[in-house]
>>> print(open('structure-v5.tsv').read())   # TSV, C-alpha atoms
chain	number	residue	atom	x	y	z
K	538	MET	CA	-13.55	-17.87	-0.43
K	539	ASP	CA	-10.42	-16.70	-2.26
K	540	ALA	CA	-12.44	-15.77	-5.32
K	541	LEU	CA	-14.76	-13.70	-3.17
K	542	ILE	CA	-11.85	-11.95	-1.46
K	543	ASN	CA	-10.19	-11.15	-4.77
K	544	LYS	CA	-13.43	-9.75	-6.09
K	545	ARG	CA	-13.71	-7.51	-3.05
K	546	ILE	CA	-10.08	-6.45	-3.41
K	547	LYS	CA	-10.73	-5.39	-7.00
K	548	GLU	CA	-13.64	-3.29	-5.78
K	549	VAL	CA	-11.46	-1.73	-3.10
K	550	LEU	CA	-8.88	-0.90	-5.77
K	551	LYS	CA	-11.60	0.93	-7.65
K	552	GLY	CA	-12.09	3.03	-4.53
K	553	ASP	CA	-15.03	1.25	-2.90
K	554	GLN	CA	-14.62	1.49	0.87
K	555	ASN	CA	-17.71	-0.61	1.52
K	556	ALA	CA	-16.03	-3.57	-0.12
K	557	PHE	CA	-13.19	-3.16	2.33
K	558	ALA	CA	-15.64	-3.14	5.23
K	559	GLU	CA	-16.71	-6.62	4.09
K	560	ILE	CA	-13.11	-7.80	4.11
K	561	VAL	CA	-12.71	-6.45	7.64
K	562	GLU	CA	-15.82	-8.34	8.78
K	563	LEU	CA	-14.43	-11.57	7.36
K	564	PHE	CA	-11.02	-11.35	9.02
K	565	GLN	CA	-11.52	-9.22	12.10
K	566	ASP	CA	-11.87	-12.09	14.57
K	567	LYS	CA	-8.76	-13.89	13.37
K	568	LEU	CA	-6.59	-10.82	13.36
K	569	TYR	CA	-7.89	-9.46	16.63
K	570	ARG	CA	-7.31	-12.85	18.30
K	571	VAL	CA	-3.71	-13.02	17.15
K	572	CYS	CA	-3.07	-9.46	18.29
K	573	TYR	CA	-4.69	-10.11	21.63
K	574	ARG	CA	-2.64	-13.25	22.23
K	575	MET	CA	0.54	-11.48	21.21
K	576	LEU	CA	-0.04	-8.33	23.24
K	577	GLY	CA	-2.17	-9.60	26.13
K	578	ASN	CA	-4.21	-6.41	26.29
K	579	LYS	CA	-7.63	-5.87	24.76
K	580	HIS	CA	-7.27	-2.17	24.03
K	581	GLU	CA	-3.87	-2.55	22.48
K	582	ALA	CA	-5.06	-5.55	20.50
K	583	GLU	CA	-7.98	-3.59	19.08
K	584	ASP	CA	-5.73	-0.65	18.27
K	585	ILE	CA	-3.08	-2.73	16.54
K	586	ALA	CA	-5.55	-4.95	14.69
K	587	GLN	CA	-7.37	-1.89	13.37
K	588	GLU	CA	-4.07	-0.31	12.40
K	589	ALA	CA	-3.20	-3.51	10.51
K	590	PHE	CA	-6.43	-3.26	8.51
K	591	VAL	CA	-5.77	0.39	7.75
K	592	ARG	CA	-2.30	-0.47	6.46
K	593	ALA	CA	-3.73	-3.31	4.43
K	594	PHE	CA	-6.16	-0.86	2.87
K	595	ILE	CA	-3.48	1.69	2.06
K	596	ASN	CA	-1.15	-0.91	0.57
K	597	ILE	CA	-3.75	-3.11	-1.06
K	598	HIS	CA	-2.35	-2.38	-4.51
K	599	THR	CA	0.85	-4.20	-3.48
K	600	PHE	CA	-1.05	-7.38	-2.61
K	601	ASP	CA	-0.50	-10.19	-5.10
K	602	THR	CA	-3.91	-11.79	-5.65
K	603	ASN	CA	-2.29	-15.12	-6.51
K	604	ARG	CA	-1.36	-15.41	-2.86
K	605	LYS	CA	-3.47	-15.92	0.20
K	606	PHE	CA	-4.94	-12.73	1.58
K	607	SER	CA	-5.03	-13.96	5.17
K	608	THR	CA	-1.29	-14.69	5.07
K	609	TRP	CA	-0.60	-11.17	3.92
K	610	LEU	CA	-2.92	-9.71	6.53
K	611	TYR	CA	-1.43	-11.82	9.33
K	612	ARG	CA	2.02	-10.64	8.29
K	613	ILE	CA	1.03	-6.99	8.64
K	614	GLY	CA	-0.61	-7.73	12.00
K	615	THR	CA	2.21	-9.78	13.50
K	616	ASN	CA	4.81	-7.25	12.37
K	617	LEU	CA	2.89	-4.46	14.07
K	618	CYS	CA	2.54	-6.55	17.23
K	619	ILE	CA	6.23	-7.38	17.32
K	620	ASP	CA	7.09	-3.71	16.83
K	621	ARG	CA	4.78	-2.78	19.65
K	622	ILE	CA	6.24	-5.40	22.00
K	623	ARG	CA	9.78	-4.27	21.23
K	624	LYS	CA	8.93	-0.65	21.90
K	625	LYS	CA	7.54	-1.59	25.27
K	626	LYS	CA	10.58	-3.61	26.28
K	627	PRO	CA	13.45	-1.79	24.60
K	628	ASP	CA	16.47	-4.07	24.77
K	629	TYR	CA	15.15	-6.81	26.92
K	630	PHE	CA	15.67	-9.75	24.60
K	631	LEU	CA	18.63	-8.42	22.69
K	632	ASP	CA	21.03	-10.71	24.48
K	633	ALA	CA	18.82	-13.73	24.23
K	634	GLU	CA	20.29	-14.86	20.95
K	635	VAL	CA	23.56	-16.22	22.29
K	636	ALA	CA	25.26	-18.25	19.61
K	637	GLY	CA	24.85	-21.97	20.05
K	638	ALA	CA	22.89	-21.58	23.24
K	639	GLU	CA	19.43	-22.96	23.59
K	640	GLY	CA	18.03	-19.47	23.50
K	641	LEU	CA	16.00	-20.32	26.53
K	642	ASN	CA	18.93	-19.98	28.82
K	643	MET	CA	19.13	-16.23	28.78
K	644	TYR	CA	15.41	-15.95	29.02
K	645	SER	CA	15.09	-18.21	31.97
K	646	GLN	CA	17.79	-16.28	33.80
K	647	ILE	CA	16.09	-12.93	33.48
K	648	ALA	CA	12.86	-12.49	35.34
K	649	SER	CA	10.06	-11.04	33.30
K	650	PRO	CA	9.16	-7.56	34.59
K	651	ASP	CA	5.53	-8.47	34.96
K	652	GLU	CA	6.25	-11.82	36.58
K	653	LEU	CA	3.78	-12.61	39.29
K	654	PRO	CA	4.40	-14.46	42.53
K	655	GLU	CA	3.65	-18.15	42.21
K	656	GLU	CA	0.69	-18.16	44.58
K	657	GLU	CA	-0.95	-15.43	42.46
K	658	VAL	CA	-0.46	-17.49	39.35
K	659	LEU	CA	-1.98	-20.59	40.91
K	660	LYS	CA	-5.12	-18.65	41.81
K	661	MET	CA	-5.65	-17.58	38.22
K	662	GLU	CA	-8.55	-18.66	36.10
K	663	MET	CA	-7.51	-21.08	33.40
K	664	GLN	CA	-8.02	-18.62	30.53
K	665	ASP	CA	-6.03	-15.89	32.25
K	666	ARG	CA	-3.33	-18.39	33.00
K	667	VAL	CA	-2.97	-19.34	29.34
K	668	GLN	CA	-2.69	-15.71	28.36
K	669	TYR	CA	-0.24	-15.03	31.16
K	670	GLU	CA	2.06	-17.89	30.18
K	671	ILE	CA	1.95	-16.85	26.54
K	672	SER	CA	2.85	-13.29	27.44
K	673	ARG	CA	5.91	-14.53	29.32
K	674	LEU	CA	7.33	-16.06	26.15
K	675	PRO	CA	9.93	-14.06	24.23
K	676	ASP	CA	8.16	-12.40	21.31
K	677	LYS	CA	9.84	-14.50	18.66
K	678	TYR	CA	8.55	-17.72	20.21
K	679	ARG	CA	5.24	-16.13	21.07
K	680	ALA	CA	4.39	-15.40	17.45
K	681	VAL	CA	4.95	-18.96	16.26
K	682	ILE	CA	3.17	-20.55	19.23
K	683	VAL	CA	0.15	-18.28	18.81
K	684	LEU	CA	-0.08	-18.93	15.08
K	685	LYS	CA	0.48	-22.66	15.46
K	686	TYR	CA	-1.67	-23.53	18.44
K	687	MET	CA	-4.22	-20.78	18.68
K	688	GLU	CA	-4.86	-20.28	14.99
K	689	ASP	CA	-4.06	-23.86	13.95
K	690	LEU	CA	-2.09	-22.67	10.95
K	691	PRO	CA	0.12	-25.07	8.99
K	692	LEU	CA	3.87	-24.59	9.50
K	693	GLN	CA	4.34	-23.55	5.88
K	694	GLU	CA	1.86	-20.73	6.25
K	695	ILE	CA	3.53	-19.56	9.47
K	696	SER	CA	6.80	-19.49	7.58
K	697	ASP	CA	5.14	-17.33	4.88
K	698	ILE	CA	3.59	-14.98	7.42
K	699	LEU	CA	6.75	-14.41	9.40
K	700	GLU	CA	8.93	-14.49	6.28
K	701	MET	CA	11.39	-16.95	7.75
K	702	PRO	CA	12.51	-20.40	6.61
K	703	LEU	CA	10.42	-23.39	7.60
K	704	GLY	CA	13.37	-24.73	9.62
K	705	THR	CA	13.48	-21.57	11.72
K	706	VAL	CA	9.75	-21.81	12.37
K	707	LYS	CA	10.15	-25.38	13.58
K	708	THR	CA	13.08	-24.50	15.81
K	709	ARG	CA	11.15	-21.64	17.35
K	710	ILE	CA	8.11	-23.80	17.95
K	711	HIS	CA	10.31	-26.39	19.64
K	712	ARG	CA	11.95	-23.78	21.82
K	713	GLY	CA	8.66	-22.13	22.55
K	714	ARG	CA	7.23	-25.46	23.67
K	715	GLU	CA	10.26	-26.12	25.85
K	716	ALA	CA	9.95	-22.66	27.37
K	717	LEU	CA	6.28	-23.24	28.12
K	718	ARG	CA	7.04	-26.65	29.57
K	719	LYS	CA	9.50	-25.08	32.00
K	720	GLN	CA	7.04	-22.32	32.85
K	721	LEU	CA	4.31	-24.85	33.52
K	722	SER	CA	6.38	-27.42	35.36
K	723	ASN	CA	4.76	-26.31	38.64
K	724	MET	CA	1.26	-27.12	37.44
B	658	MET	CA	19.99	-33.77	34.18
B	659	ASN	CA	19.17	-36.53	31.78
B	660	MET	CA	21.76	-38.49	29.87
B	661	CYS	CA	19.55	-39.25	26.93
B	662	PRO	CA	20.77	-38.35	23.46
B	663	ASP	CA	19.76	-34.88	22.24
B	664	HIS	CA	18.07	-36.22	19.17
B	665	ILE	CA	15.42	-37.91	21.30
B	666	VAL	CA	14.12	-34.49	22.38
B	667	HIS	CA	14.24	-33.47	18.76
B	668	TYR	CA	12.14	-36.51	17.84
B	669	MET	CA	9.61	-35.55	20.49
B	670	HIS	CA	9.13	-32.21	18.77
B	671	GLU	CA	8.95	-33.83	15.38
B	672	TYR	CA	6.27	-36.07	16.81
B	673	LEU	CA	4.34	-33.10	18.17
B	674	ASP	CA	4.67	-31.28	14.86
B	675	GLY	CA	3.22	-34.35	13.21
B	676	ASP	CA	6.07	-34.73	10.74
B	677	ILE	CA	8.09	-37.53	12.33
B	678	SER	CA	9.32	-40.31	10.09
B	679	ARG	CA	8.44	-43.93	10.78
B	680	GLU	CA	11.99	-44.83	11.86
B	681	HIS	CA	12.27	-41.86	14.20
B	682	GLU	CA	8.91	-42.62	15.74
B	683	GLN	CA	9.98	-46.22	16.30
B	684	GLU	CA	13.21	-45.11	17.96
B	685	LEU	CA	11.36	-42.59	20.11
B	686	LYS	CA	8.84	-45.17	21.28
B	687	THR	CA	11.54	-47.68	22.20
B	688	HIS	CA	13.42	-45.02	24.10
B	689	LEU	CA	10.38	-43.73	25.98
B	690	GLU	CA	9.55	-47.23	27.15
B	691	SER	CA	12.92	-47.50	28.81
B	692	CYS	CA	13.43	-43.92	30.06
B	693	SER	CA	11.11	-42.45	32.64
B	694	SER	CA	12.55	-38.93	32.58
B	695	CYS	CA	12.01	-38.67	28.83
B	696	GLN	CA	8.54	-40.09	29.29
B	697	GLN	CA	7.91	-37.33	31.80
B	698	GLN	CA	9.21	-34.68	29.40
B	699	MET	CA	7.12	-36.02	26.56
B	700	HIS	CA	4.07	-35.98	28.78
B	701	GLU	CA	4.73	-32.38	29.83
B	702	LEU	CA	5.19	-31.25	26.24
B	703	GLY	CA	1.90	-32.83	25.33
B	704	LYS	CA	0.29	-30.99	28.22
B	705	VAL	CA	1.77	-27.72	26.98
B	706	THR	CA	0.11	-28.20	23.63
B	707	ALA	CA	-3.23	-29.01	25.19
B	708	PHE	CA	-2.83	-26.11	27.59
B	709	VAL	CA	-2.24	-23.55	24.86
B	710	GLN	CA	-4.99	-24.98	22.71
B	711	SER	CA	-7.45	-24.68	25.56
B	712	ALA	CA	-7.42	-20.91	25.06
B	713	SER	CA	-10.92	-19.88	24.22
B	714	HIS	CA	-11.66	-18.40	20.83
B	715	ILE	CA	-12.34	-14.77	21.41
B	716	SER	CA	-13.94	-12.46	18.88
B	717	ALA	CA	-13.25	-8.89	17.92
B	718	PRO	CA	-15.14	-6.37	20.06
B	719	SER	CA	-18.32	-4.90	18.61
B	720	GLY	CA	-17.81	-1.80	16.52
B	721	PHE	CA	-14.40	-3.04	15.41
B	722	ALA	CA	-15.07	-2.78	11.67
B	723	GLU	CA	-16.65	0.66	12.04
B	724	GLY	CA	-13.51	1.72	13.88
B	725	VAL	CA	-11.37	0.54	10.98
B	726	ILE	CA	-13.47	2.40	8.42
B	727	ALA	CA	-13.32	5.56	10.53
B	728	ARG	CA	-9.53	5.33	10.54
B	729	LEU	CA	-9.19	4.86	6.80
B	730	PRO	CA	-7.71	7.81	5.00
B	731	LYS	CA	-10.34	9.93	3.27
B	732	GLU	CA	-10.98	8.33	-0.08
B	733	THR	CA	-11.87	11.62	-1.80
B	734	SER	CA	-9.44	13.70	-3.77
B	735	ARG	CA	-5.89	12.63	-3.10
B	736	VAL	CA	-5.96	8.83	-2.82
B	737	GLY	CA	-8.79	8.50	-5.31
B	738	MET	CA	-7.01	10.65	-7.87
B	739	LYS	CA	-3.74	8.85	-7.33
B	740	ARG	CA	-5.42	5.49	-7.83
B	741	TRP	CA	-7.22	6.78	-10.92
B	742	PHE	CA	-3.96	8.06	-12.38
B	743	HIS	CA	-2.38	4.67	-11.73
B	744	GLY	CA	-5.23	3.00	-13.54
B	745	HIS	CA	-5.31	5.30	-16.58
B	746	PRO	CA	-1.76	6.33	-17.46
B	747	ILE	CA	-2.55	7.37	-21.03
B	748	LEU	CA	-5.52	9.50	-20.08
B	749	THR	CA	-3.42	11.04	-17.33
B	750	ALA	CA	-0.69	11.94	-19.81
B	751	ALA	CA	-3.25	13.34	-22.26
B	752	ALA	CA	-4.95	15.39	-19.55
B	753	LEU	CA	-1.64	16.74	-18.34
B	754	PHE	CA	-0.70	17.65	-21.91
B	755	MET	CA	-3.99	19.46	-22.43
B	756	ILE	CA	-3.62	21.40	-19.19
B	757	LEU	CA	-0.13	22.57	-20.03
B	758	MET	CA	-0.98	23.38	-23.63
B	759	SER	CA	-4.11	25.35	-22.86
B	760	ALA	CA	-2.28	27.18	-20.09
B	761	SER	CA	0.39	28.35	-22.50
B	762	LEU	CA	-2.20	29.32	-25.12
B	763	PHE	CA	-4.31	31.30	-22.68
B	764	ALA	CA	-1.20	32.93	-21.36
B	765	SER	CA	-0.08	33.97	-24.81
B	766	PHE	CA	-3.58	35.25	-25.59
B	767	ASN	CA	-3.65	37.40	-22.50
B	768	ASP	CA	-0.05	38.50	-22.60
B	769	ASP	CA	-0.21	39.66	-26.19
B	770	GLN	CA	-2.16	42.77	-25.46
B	771	GLN	CA	0.26	44.93	-27.37
B	772	PHE	CA	-0.42	46.41	-30.74
B	773	SER	CA	1.59	44.68	-33.42
B	774	PHE	CA	1.33	44.04	-37.13
B	775	THR	CA	3.15	42.47	-40.02
B	776	LYS	CA	5.70	44.87	-41.32
B	777	GLN	CA	5.05	45.46	-44.97
B	778	PRO	CA	6.40	48.27	-47.10
B	779	ASN	CA	3.93	50.93	-48.20
B	780	ILE	CA	1.54	50.68	-45.21
B	781	VAL	CA	0.80	53.60	-42.93
B	782	VAL	CA	0.34	53.36	-39.14
B	783	GLU	CA	-1.77	55.88	-37.24
B	784	GLY	CA	-1.87	55.18	-33.52
B	785	GLU	CA	-3.25	51.64	-33.21
B	786	LYS	CA	-4.56	51.57	-36.73
B	787	VAL	CA	-2.94	50.18	-39.83
B	788	ILE	CA	-3.87	51.81	-43.11
B	789	VAL	CA	-3.28	50.46	-46.55
B	790	PRO	CA	-3.35	53.72	-48.47
B	791	ALA	CA	-5.44	54.09	-51.59
B	792	GLY	CA	-3.60	53.22	-54.75
B	793	GLU	CA	-1.06	51.03	-52.96
B	794	THR	CA	-0.86	47.27	-53.33
B	795	VAL	CA	0.55	45.19	-50.47
B	796	LYS	CA	2.03	41.96	-51.63
B	797	GLY	CA	1.80	39.30	-48.90
B	798	ASP	CA	-0.28	38.61	-45.78
B	799	ILE	CA	-1.01	41.10	-43.05
B	800	VAL	CA	-1.63	40.17	-39.42
B	801	VAL	CA	-2.74	42.91	-37.04
B	802	LYS	CA	-2.86	42.24	-33.29
B	803	ASN	CA	-4.78	44.44	-30.89
B	804	GLY	CA	-5.39	47.08	-33.46
B	805	ASP	CA	-7.64	47.96	-36.38
B	806	ILE	CA	-6.97	47.94	-40.07
B	807	GLN	CA	-8.34	50.13	-42.77
B	808	ILE	CA	-7.79	48.96	-46.32
B	809	ASP	CA	-8.15	51.65	-48.93
B	810	GLY	CA	-5.78	50.08	-51.40
B	811	GLU	CA	-5.28	46.45	-52.32
B	812	VAL	CA	-3.88	43.48	-50.44
B	813	ASP	CA	-2.53	40.59	-52.41
B	814	GLY	CA	-2.80	38.01	-49.62
B	815	ASN	CA	-4.71	37.16	-46.42
B	816	VAL	CA	-5.68	39.64	-43.76
B	817	THR	CA	-5.98	38.50	-40.14
B	818	ILE	CA	-7.16	40.78	-37.37
B	819	ILE	CA	-6.80	39.70	-33.79
B	820	ASN	CA	-8.67	41.70	-31.16
B	821	GLY	CA	-9.47	44.41	-33.58
B	822	THR	CA	-11.83	45.32	-36.38
B	823	LEU	CA	-11.70	45.77	-40.07
B	824	MET	CA	-12.72	49.34	-40.64
B	825	ALA	CA	-15.31	49.64	-43.35
B	826	SER	CA	-13.45	50.12	-46.59
B	827	THR	CA	-13.40	49.09	-50.17
B	828	ALA	CA	-11.36	46.12	-48.97
B	829	ASN	CA	-9.78	44.81	-52.05
B	830	VAL	CA	-8.24	41.65	-50.69
B	831	THR	CA	-7.33	38.68	-52.83
B	832	GLY	CA	-7.03	36.27	-49.87
B	833	ASN	CA	-9.24	35.70	-46.84
B	834	ILE	CA	-10.18	38.19	-44.19
B	835	GLU	CA	-10.35	36.81	-40.69
B	836	GLU	CA	-11.30	38.55	-37.47
B	837	ILE	CA	-10.41	36.85	-34.21
B	838	ASN	CA	-11.82	38.28	-31.02
B	839	GLN	CA	-12.49	35.42	-28.67
B	840	VAL	CA	-10.34	32.93	-26.90
B	841	PHE	CA	-11.83	30.01	-28.79
B	842	ASP	CA	-11.31	31.70	-32.11
B	843	TRP	CA	-7.80	32.38	-30.99
B	844	LEU	CA	-7.29	28.70	-30.12
B	845	TRP	CA	-8.70	27.64	-33.44
B	846	TYR	CA	-6.49	30.07	-35.24
B	847	LYS	CA	-3.41	28.82	-33.36
B	848	MET	CA	-4.26	25.25	-34.22
B	849	LYS	CA	-4.80	26.04	-37.86
B	850	ALA	CA	-1.58	28.01	-37.97
B	851	GLY	CA	0.23	25.03	-36.45
B	852	ALA	CA	-1.30	22.68	-38.99
B	853	LYS	CA	-0.40	25.02	-41.84
B	854	GLU	CA	3.16	25.23	-40.62
B	855	VAL	CA	3.43	21.47	-40.51
B	856	ALA	CA	1.86	21.24	-43.97
B	857	SER	CA	4.18	23.85	-45.46
B	858	PHE	CA	7.12	22.19	-43.77
B	859	LEU	CA	6.16	18.88	-45.39
B	860	ASP	CA	5.60	20.59	-48.76
B	861	GLY	CA	8.98	22.24	-48.49
B	862	LYS	CA	10.54	18.89	-47.88
B	863	GLU	CA	8.84	17.34	-50.85
B	864	GLU	CA	9.92	20.15	-53.08
B	865	LYS	CA	13.50	19.51	-52.17
>>> encode(input="structure-v5.tsv", output="structure tokens")
Amino acid sequence: MDALINKRIKEVLKGDQNAFAEIVELFQDKLYRVCYRMLGNKHEAEDIAQEAFVRAFINIHTFDTNRKFSTWLYRIGTNLCIDRIRKKKPDYFLDAEVAGAEGLNMYSQIASPDELPEEEVLKMEMQDRVQYEISRLPDKYRAVIVLKYMEDLPLQEISDILEMPLGTVKTRIHRGREALRKQLSNM
Amino acid sequence: MNMCPDHIVHYMHEYLDGDISREHEQELKTHLESCSSCQQQMHELGKVTAFVQSASHISAPSGFAEGVIARLPKETSRVGMKRWFHGHPILTAAALFMILMSASLFASFNDDQQFSFTKQPNIVVEGEKVIVPAGETVKGDIVVKNGDIQIDGEVDGNVTIINGTLMASTANVTGNIEEINQVFDWLWYKMKAGAKEVASFLDGKEEK
């Protein structure tokens, strides 16, 4: 798999766009899925995932072929998603990082702007409900939870993708799980 | 709400991450057996995991890859050239050198449209024509640019005519006669002149 990717990357470096189309075919589902889970909107997910591939193409000469291509691609994608989320909700989570606090506390005090009434939530289809609960998570927990549980990625790879220490990834997964547990306590 | 030690919750997460140590797992199990609220929390956390994992695996919409390709910057001139330059630095430098050099040569060929010649004593100039009068001997080379030369006397050296003609004459020249009328001749002449200069420079050095 890696050998094939690296071969394709070499062809792309020589200016072969068709080789890049093959790379897109190989990774499009993964990247689109992550974007969709992060953003909760199909059009936005398609837009951002495509943008991520375009950036990967433009910057392909900076990719180190000794590393894993998917990690690099996920990093571009998650960064774009996080940027997009932050633009939509300007300073919403800025205060969330209170020193020493659980991190959840601030979040749980502020109602999400797209929070639905409980009876609406209970009527939801299971799949919509999953997406809804994910979208209520603060973006920094959302990224780790999506990568860990929806993409089944090892913690070390998540740490590489998000460029943060393994310890931080673990902490965020723990807090993300706690946040979800509180959100789901009425199930 | 619960009075259980904080590290128990931490162990629960370690357990869920799958990297709990044997001792921690043992401690967690013992605690859960005795504490119903922690048991409840553990159960809920497990449900969270299952809940999130139940999300169906969606695929990219059809036409996704085509959309990406359509959004790629045009591969043609700019990016392609840039990439090529990156890949072939020496060729790039050589090409750049050639472009600049030929530009300056062409420029000097076209700019030098004025009549000029090597100033030698005992030559006569009539309009754009240099005459070596009969009976005279010019010692040294003569270069005539954009003009003609008529040699009735003798020249003890080379005669070079650029953009001009050697008027039919007895032409008593000890050296070579060269007529240069085209750009490529001009280039060749420039190159030879350069080489000669280098050679004479080296000779001069050796003589010293």
>>> interface_residues(input="structure-v5.tsv", of="chain K", to="chain B", cutoff="7 Å", atoms="all atoms listed in the file", output="NGL selection string")
:K and (552 or 558 or 561-562 or 565-566 or 569-570 or 587 or 590-591 or 664 or 667 or 686-687 or 711 or 714 or 717-718)
>>> residues_around(input="structure-v5.tsv", residues="segment 803-814 of chain B", least_positions_apart="4", cutoff="12 Å", atoms="all atoms listed in the file", output="MDAnalysis selection string")
chainID B and resid 766:775 777:799 818:838
>>> atom_distance(input="structure-v5.tsv", atom1="atom CA of Arg679 of chain B", atom2="atom CA of Lys719 of chain K")
28.4 Å
>>> atom_distance(input="structure-v5.tsv", atom1="atom CA of Lys847 of chain B", atom2="atom CA of Phe754 of chain B")
16.2 Å
>>> residues_near_point(input="structure-v5.tsv", point="(3.8, -15.4, 8.6)", cutoff="12 Å", atoms="all atoms listed in the file", output="PyMOL selection string")
chain K and resi 571+605-616+677+680-685+688+690-703+705-706
>>> atom_distance(input="structure-v5.tsv", atom1="atom CA of Pro746 of chain B", atom2="atom CA of Val855 of chain B")
28.1 Å
>>> residues_around(input="structure-v5.tsv", residues="Ile622 of chain K", least_positions_apart="3", cutoff="12 Å", atoms="all atoms listed in the file", output="compact mmCIF listing (two decimals) with C-alpha atoms, in the coordinates of the input")
# COMPACT_ATOMS: atom_id res chain seq x y z
CA CYS K 572 -3.07 -9.46 18.29
CA TYR K 573 -4.69 -10.11 21.63
CA ARG K 574 -2.64 -13.25 22.23
CA MET K 575 0.54 -11.48 21.21
CA LEU K 576 -0.04 -8.33 23.24
CA GLY K 577 -2.17 -9.60 26.13
CA ASN K 578 -4.21 -6.41 26.29
CA GLU K 581 -3.87 -2.55 22.48
CA ALA K 582 -5.06 -5.55 20.50
CA ILE K 585 -3.08 -2.73 16.54
CA THR K 615 2.21 -9.78 13.50
CA ASN K 616 4.81 -7.25 12.37
CA LEU K 617 2.89 -4.46 14.07
CA CYS K 618 2.54 -6.55 17.23
CA ILE K 619 6.23 -7.38 17.32
CA LYS K 625 7.54 -1.59 25.27
CA LYS K 626 10.58 -3.61 26.28
CA PRO K 627 13.45 -1.79 24.60
CA ASP K 628 16.47 -4.07 24.77
CA TYR K 629 15.15 -6.81 26.92
CA PHE K 630 15.67 -9.75 24.60
CA SER K 672 2.85 -13.29 27.44
CA ARG K 673 5.91 -14.53 29.32
CA LEU K 674 7.33 -16.06 26.15
CA PRO K 675 9.93 -14.06 24.23
CA ASP K 676 8.16 -12.40 21.31
CA LYS K 677 9.84 -14.50 18.66
CA ARG K 679 5.24 -16.13 21.07
CA ALA K 680 4.39 -15.40 17.45
>>> residues_near_point(input="structure-v5.tsv", point="(-5.0, -1.2, -4.4)", cutoff="8 Å", atoms="all atoms listed in the file", output="list in words")
Ile546, Lys547, Val549, Leu550, Lys551, Phe594, Ile595, Asn596, Ile597, His598, Thr599 and Phe600 of chain K; Arg740 of chain B
>>> residues_around(input="structure-v5.tsv", residues="Cys661 of chain B", least_positions_apart="3", cutoff="12 Å", atoms="only C-alpha atoms", output="list of chain:residue names")
B:Met658, B:His664, B:Ile665, B:Val666, B:His667, B:Leu685, B:His688, B:Leu689, B:Ser691, B:Cys692, B:Ser693, B:Ser694, B:Cys695, B:Gln696, B:Gln698
